[in-house]
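For reference, model06.cif (mmCIF, C-alpha atoms):
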```
data_coords
#
loop_
_atom_site.label_atom_id
_atom_site.label_comp_id
_atom_site.auth_asym_id
_atom_site.auth_seq_id
_atom_site.Cartn_x
_atom_site.Cartn_y
_atom_site.Cartn_z
CA MET A 41 75.67 -212.04 146.22
CA GLN A 42 72.34 -210.95 147.68
CA ASP A 43 68.96 -211.22 145.94
CA THR A 44 66.37 -208.70 147.13
CA LYS A 45 63.68 -210.35 144.95
CA CYS A 46 62.55 -206.80 144.07
CA SER A 47 61.27 -206.40 147.64
CA GLY A 48 61.83 -203.10 149.42
CA PHE A 49 61.60 -204.86 152.79
CA VAL A 50 64.19 -207.50 151.88
CA GLY A 51 66.38 -204.80 150.34
CA THR A 52 66.27 -202.81 153.58
CA ILE A 53 67.28 -205.83 155.68
CA GLN A 54 70.12 -206.75 153.33
CA ALA A 55 71.32 -203.16 153.19
CA LEU A 56 71.58 -203.10 156.97
CA GLU A 57 73.50 -206.40 156.87
CA LEU A 58 76.11 -204.68 154.72
CA MET A 59 77.07 -202.57 157.73
CA GLU A 60 78.34 -205.71 159.47
CA LYS A 61 80.66 -206.67 156.61
CA LYS A 62 83.91 -205.26 155.26
CA VAL A 63 82.45 -203.88 152.06
CA ALA A 64 84.66 -202.02 149.54
CA ALA A 65 81.88 -201.34 147.02
CA VAL A 66 78.34 -202.43 146.14
CA VAL A 67 77.16 -203.31 142.62
CA GLY A 68 73.42 -203.04 142.05
CA PRO A 69 70.55 -203.00 142.81
CA GLN A 70 68.31 -203.22 139.77
CA SER A 71 65.42 -201.32 141.37
CA SER A 72 65.36 -197.55 141.90
CA GLY A 73 63.36 -197.97 145.12
CA ILE A 74 65.89 -200.31 146.67
CA ALA A 75 68.73 -198.11 145.39
CA HIS A 76 67.32 -195.27 147.52
CA VAL A 77 67.48 -197.50 150.62
CA VAL A 78 70.97 -198.86 149.94
CA SER A 79 72.26 -195.37 149.12
CA HIS A 80 71.60 -194.24 152.68
CA VAL A 81 73.63 -197.21 153.99
CA VAL A 82 76.61 -196.65 151.67
CA ASN A 83 76.59 -192.99 152.66
CA GLU A 84 77.28 -194.14 156.23
CA LEU A 85 79.85 -196.71 155.10
CA ARG A 86 81.43 -194.21 152.66
CA VAL A 87 81.70 -196.82 149.89
CA PRO A 88 80.50 -196.46 146.27
CA LEU A 89 77.22 -197.95 145.06
CA LEU A 90 77.46 -198.73 141.33
CA SER A 91 74.02 -199.31 139.82
CA PHE A 92 73.57 -200.73 136.31
CA ALA A 93 69.80 -200.25 136.15
CA ALA A 94 68.38 -197.78 138.70
CA THR A 95 67.09 -194.91 136.55
CA ASP A 96 65.23 -192.60 138.96
CA PRO A 97 66.68 -189.10 138.30
CA ALA A 98 66.40 -188.24 142.02
CA LEU A 99 69.29 -190.61 142.74
CA SER A 100 71.62 -188.12 141.04
CA SER A 101 71.00 -185.64 143.85
CA THR A 102 73.81 -184.48 146.13
CA GLN A 103 71.95 -186.36 148.86
CA TYR A 104 73.59 -189.52 147.45
CA PRO A 105 77.28 -188.65 146.92
CA TYR A 106 78.35 -192.32 146.78
CA PHE A 107 75.79 -193.36 144.16
CA VAL A 108 77.37 -194.02 140.74
CA ARG A 109 75.06 -194.70 137.81
CA ALA A 110 76.11 -196.93 134.90
CA ALA A 111 72.96 -196.23 132.88
CA HIS A 112 71.14 -193.15 131.65
CA ASP A 113 68.66 -191.76 134.15
CA ASP A 114 65.06 -191.39 132.99
CA SER A 115 65.35 -187.68 132.22
CA PHE A 116 67.33 -188.77 129.13
CA GLN A 117 64.47 -190.76 127.58
CA MET A 118 61.77 -188.40 128.85
CA ASN A 119 63.40 -185.60 126.85
CA ALA A 120 62.98 -187.84 123.80
CA VAL A 121 59.31 -188.45 124.63
CA ALA A 122 58.78 -184.69 124.96
CA ASP A 123 60.45 -184.18 121.56
CA ILE A 124 57.97 -186.63 119.98
CA VAL A 125 55.05 -184.83 121.62
CA ALA A 126 56.34 -181.44 120.46
CA HIS A 127 56.99 -182.70 116.92
CA TYR A 128 53.34 -183.65 116.44
CA GLY A 129 52.06 -180.50 118.15
CA TRP A 130 50.29 -182.29 121.00
CA ARG A 131 49.79 -180.17 124.10
CA GLU A 132 48.56 -182.66 126.70
CA VAL A 133 49.43 -186.25 127.60
CA THR A 134 48.16 -188.79 130.10
CA THR A 135 50.78 -190.78 132.00
CA ILE A 136 50.20 -194.36 133.14
CA TYR A 137 52.90 -195.45 135.57
CA VAL A 138 53.79 -197.68 138.50
CA ASP A 139 53.49 -195.82 141.79
CA ASP A 140 57.01 -196.29 143.18
CA ASP A 141 60.31 -194.36 143.11
CA PHE A 142 61.02 -195.52 139.56
CA GLY A 143 57.60 -194.52 138.23
CA ARG A 144 57.22 -191.25 140.08
CA GLY A 145 60.78 -190.14 139.27
CA GLY A 146 60.30 -190.85 135.57
CA VAL A 147 56.97 -189.01 135.40
CA ASP A 148 58.44 -186.01 137.24
CA ALA A 149 61.23 -185.93 134.64
CA LEU A 150 58.64 -186.13 131.84
CA GLY A 151 56.71 -183.24 133.36
CA ASN A 152 59.86 -181.08 133.36
CA ALA A 153 60.67 -182.04 129.76
CA LEU A 154 57.12 -181.28 128.59
CA ASP A 155 57.20 -177.89 130.33
CA ALA A 156 60.20 -176.98 128.20
CA ALA A 157 58.26 -178.09 125.10
CA ARG A 158 55.20 -176.02 126.11
CA ALA A 159 53.13 -179.12 126.78
CA ARG A 160 51.98 -180.75 130.00
CA ILE A 161 50.76 -183.87 131.75
CA SER A 162 47.00 -183.37 132.01
CA TYR A 163 46.28 -186.56 133.97
CA LYS A 164 48.41 -188.95 136.01
CA ALA A 165 47.13 -192.52 136.28
CA ALA A 166 49.25 -194.32 138.90
CA PHE A 167 48.84 -197.98 139.81
CA PRO A 168 50.37 -199.91 142.74
CA PRO A 169 53.24 -202.35 142.10
CA GLY A 170 51.87 -205.80 141.36
CA ALA A 171 48.45 -204.52 140.27
CA ASP A 172 46.35 -207.16 138.50
CA ARG A 173 44.64 -206.69 135.15
CA ALA A 174 41.30 -205.80 136.75
CA VAL A 175 42.89 -202.87 138.62
CA LEU A 176 44.67 -201.76 135.45
CA GLY A 177 41.42 -201.98 133.49
CA GLU A 178 39.65 -199.70 135.99
CA LEU A 179 42.58 -197.28 135.80
CA LEU A 180 42.32 -197.14 131.99
CA VAL A 181 38.57 -196.53 132.15
CA GLN A 182 39.25 -193.46 134.31
CA ALA A 183 42.06 -192.29 132.02
CA ASN A 184 39.86 -192.74 128.97
CA MET A 185 37.34 -190.30 130.44
CA MET A 186 39.93 -187.52 130.23
CA GLU A 187 40.37 -185.32 127.18
CA SER A 188 43.87 -186.39 126.11
CA ARG A 189 44.24 -189.41 123.82
CA VAL A 190 48.05 -189.40 124.03
CA PHE A 191 49.20 -191.97 126.60
CA VAL A 192 52.75 -192.42 127.93
CA VAL A 193 53.33 -195.74 129.73
CA HIS A 194 56.22 -195.90 132.22
CA ALA A 195 56.10 -199.30 133.88
CA THR A 196 57.83 -202.65 134.28
CA PRO A 197 57.54 -205.30 131.54
CA ASP A 198 54.99 -207.46 133.43
CA SER A 199 52.58 -204.68 134.33
CA GLY A 200 53.21 -202.81 131.09
CA LEU A 201 52.10 -205.69 128.89
CA ASP A 202 49.03 -206.15 131.10
CA ILE A 203 48.19 -202.48 130.49
CA PHE A 204 48.18 -203.05 126.74
CA ALA A 205 46.10 -206.21 127.13
CA ALA A 206 43.54 -204.21 129.11
CA ALA A 207 43.67 -201.37 126.56
CA HIS A 208 42.89 -203.86 123.77
CA SER A 209 39.86 -205.17 125.65
CA LEU A 210 38.61 -201.58 126.08
CA ASN A 211 39.17 -200.78 122.39
CA MET A 212 41.70 -198.12 123.37
CA MET A 213 44.25 -199.24 120.77
CA ALA A 214 42.04 -198.11 117.90
CA SER A 215 42.55 -195.18 115.54
CA GLY A 216 42.55 -191.86 117.37
CA TYR A 217 44.73 -193.03 120.27
CA VAL A 218 48.48 -192.50 120.63
CA TRP A 219 50.58 -194.82 122.80
CA ILE A 220 54.21 -194.15 123.73
CA ALA A 221 56.10 -196.62 125.94
CA THR A 222 59.42 -195.93 127.63
CA ASP A 223 62.35 -198.31 127.19
CA TRP A 224 60.82 -201.06 129.36
CA LEU A 225 58.94 -202.22 126.25
CA ALA A 226 62.06 -202.48 124.11
CA ALA A 227 63.67 -204.48 126.93
CA ALA A 228 60.65 -206.82 127.06
CA ILE A 229 60.73 -207.38 123.30
CA ASP A 230 64.50 -207.90 123.28
CA SER A 231 64.33 -210.43 126.12
CA THR A 232 62.91 -213.14 123.81
CA ARG A 233 64.30 -214.04 120.40
CA PRO A 234 62.40 -214.25 118.20
CA ALA A 235 59.94 -211.79 119.73
CA SER A 236 56.77 -213.39 121.07
CA PRO A 237 53.93 -213.11 118.50
CA LYS A 238 51.48 -212.56 121.39
CA THR A 239 53.54 -209.64 122.69
CA MET A 240 53.91 -208.11 119.24
CA THR A 241 50.14 -208.30 118.69
CA LEU A 242 49.53 -206.50 121.99
CA VAL A 243 51.89 -203.63 121.19
CA GLN A 244 51.19 -203.17 117.49
CA GLY A 245 51.19 -199.43 116.77
CA VAL A 246 52.97 -198.44 119.99
CA VAL A 247 56.01 -196.16 119.79
CA THR A 248 58.79 -197.25 122.16
CA LEU A 249 62.33 -196.09 122.89
CA ARG A 250 65.55 -198.04 122.99
#
```
Take the structure in the file and give it back as structure tokens.
Amino acid sequence: MQDTKCSGFVGTIQALELMEKKVAAVVGPQSSGIAHVVSHVVNELRVPLLSFAATDPALSSTQYPYFVRAAHDDSFQMNAVADIVAHYGWREVTTIYVDDDFGRGGVDALGNALDAARARISYKAAFPPGADRAVLGELLVQANMMESRVFVVHATPDSGLDIFAAAHSLNMMASGYVWIATDWLAAAIDSTRPASPKTMTLVQGVVTLR
């Protein structure tokens, strides 16, 4: 058992430590970014890496022949997002996403899905992992200056809920705005039973996927 604590640096060190052990297979990691690092190591070791949560579509490339995914990659849910956009006849969306392998891979998949639906991403608002609410607020101010009022949020539960808190304070959850969240939001809601009233107030009116 090795805990990377969601750190790319720690994940790199622990991946290199695998090379000193008699490893038959690796289960994990949870993060797409760390999965990229570990995939290079298991390629050298020629052992399978079975991930239950890494969803970056790029991991399905032939560059990673030993990577086995036990979850849908993000192209699956991004096709659903594109279907929603097409159903309502919207032509442009703004994406708000974490700037790492997980976020960039998901947004790339969304761009491909929207192309097929004759729509497009008109503005990409990326924020660094661990961004505080002040940074997210500034990001939303910039995004709100763009023409599109359809926002797709592809983030982690912590930063994603902070985005909606900032959007509330900027009155961006009012009538005239559309918010779509990928399955991170369903996971956040499902993680507490009953669902937190504070969380449900923040995300009232948001469409999410499960």
| message | As a check of understanding, name the residues that the PyMOL selection byres ((chain A and resi 199) around 10) selects in the supplied structure, as a ChimeraX atom specification. | response | /A:137-138,167-173,176,194-198,200-205
Take the selection from the previous step and output its residues with C-alpha atoms, as a JSON list (two decimals), keeping the file's coordinate frame.
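Contents of selection-v3.json, freshly written:
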```json
[["chain", "number", "residue", "atom", "x", "y", "z"],
["A", 137, "TYR", "CA", 52.90, -195.45, 135.57],
["A", 138, "VAL", "CA", 53.79, -197.68, 138.50],
["A", 167, "PHE", "CA", 48.84, -197.98, 139.81],
["A", 168, "PRO", "CA", 50.37, -199.91, 142.74],
["A", 169, "PRO", "CA", 53.24, -202.35, 142.10],
["A", 170, "GLY", "CA", 51.87, -205.80, 141.36],
["A", 171, "ALA", "CA", 48.45, -204.52, 140.27],
["A", 172, "ASP", "CA", 46.35, -207.16, 138.50],
["A", 173, "ARG", "CA", 44.64, -206.69, 135.15],
["A", 176, "LEU", "CA", 44.67, -201.76, 135.45],
["A", 194, "HIS", "CA", 56.22, -195.90, 132.22],
["A", 195, "ALA", "CA", 56.10, -199.30, 133.88],
["A", 196, "THR", "CA", 57.83, -202.65, 134.28],
["A", 197, "PRO", "CA", 57.54, -205.30, 131.54],
["A", 198, "ASP", "CA", 54.99, -207.46, 133.43],
["A", 200, "GLY", "CA", 53.21, -202.81, 131.09],
["A", 201, "LEU", "CA", 52.10, -205.69, 128.89],
["A", 202, "ASP", "CA", 49.03, -206.15, 131.10],
["A", 203, "ILE", "CA", 48.19, -202.48, 130.49],
["A", 204, "PHE", "CA", 48.18, -203.05, 126.74],
["A", 205, "ALA", "CA", 46.10, -206.21, 127.13]]
```
For this structure, which residues satisfy the selection - the PyMOL selection byres ((chain A and resi 72) around 6) - when it is evaluated on the file as given? I want them as a compact mmCIF listing (two decimals) with C-alpha atoms, in the frame of the given file.
```txt
# COMPACT_ATOMS: atom_id res chain seq x y z
CA SER A 71 65.42 -201.32 141.37
CA GLY A 73 63.36 -197.97 145.12
CA ILE A 74 65.89 -200.31 146.67
CA ALA A 75 68.73 -198.11 145.39
CA ALA A 94 68.38 -197.78 138.70
CA ASP A 96 65.23 -192.60 138.96
CA PHE A 142 61.02 -195.52 139.56
```
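Comparing the minimum interatomic distances between Asp43 of chain A and each of A:Ile161, A:Val67, A:Val133, A:Ala214, counting all atoms listed in the file, we find that A:Val67 sits nearest.
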| task | List the residues selected by the PyMOL selection byres ((chain A and resi 186-188) around 10) in the file shown, writing them as an MDAnalysis selection string. | result | chainID A and resid 130:134 161:163 181:185 189:191 217:218
With a cut-off of 12 Å, could you pull out the residues of segment 214-239 of chain A touching segment 99-117 of chain A and give me the nearest pair of atoms for each, distance in Å to one decimal, using all atoms listed in the file, ordered by chain and ascending number, as CSV?
```
residue,atom,partner,partner_atom,distance
A:Ile220,CA,A:Gln117,CA,11.5
A:Ala221,CA,A:Gln117,CA,10.3
A:Thr222,CA,A:Gln117,CA,7.2
A:Asp223,CA,A:Gln117,CA,7.9
A:Trp224,CA,A:Gln117,CA,11.1
```
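The smallest atom-to-atom distance between Ala64 of chain A and any of A:Pro237, A:Cys46, A:Arg250, A:Leu85, using only C-alpha atoms, is found for A:Leu85.
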| field | Atom-to-atom span, atom CA of Ala156 of chain A and atom CA of Gly245 of chain A, Å | value | 26.8 Å
| task | Rank A:Val87, A:Met41, A:Val243, A:Ala174 by their smallest atom-to-atom distance to Pro69 of chain A, using only C-alpha atoms, and report the top residue only. | result |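 The closest residue to Pro69 of chain A is A:Met41.
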| note | The residue from A:Ala157, A:Val66, A:Val147, A:Leu90 with the smallest atom-to-atom distance to Gln54 of chain A, counting all atoms listed in the file, is A:Val66
| Coordinates-based distance that separates atom CA of Ala227 of chain A from atom CA of Leu180 of chain A (Å, one decimal) | 23.1 Å
| field | Given all atoms listed in the file as the counted atoms, nearest of A:Ala228, A:Met118, A:Val81, A:Leu89 to Val192 of chain A | value |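 Among the listed residues, the smallest separation from Val192 of chain A belongs to A:Met118.
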| query | Which of these, A:Ile124, A:Leu150, A:Ala159, A:Ile136, has the shortest distance to Pro97 of chain A once you count all atoms listed in the file? | reply |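 Using all atoms listed in the file, Pro97 of chain A sits closest to A:Leu150.
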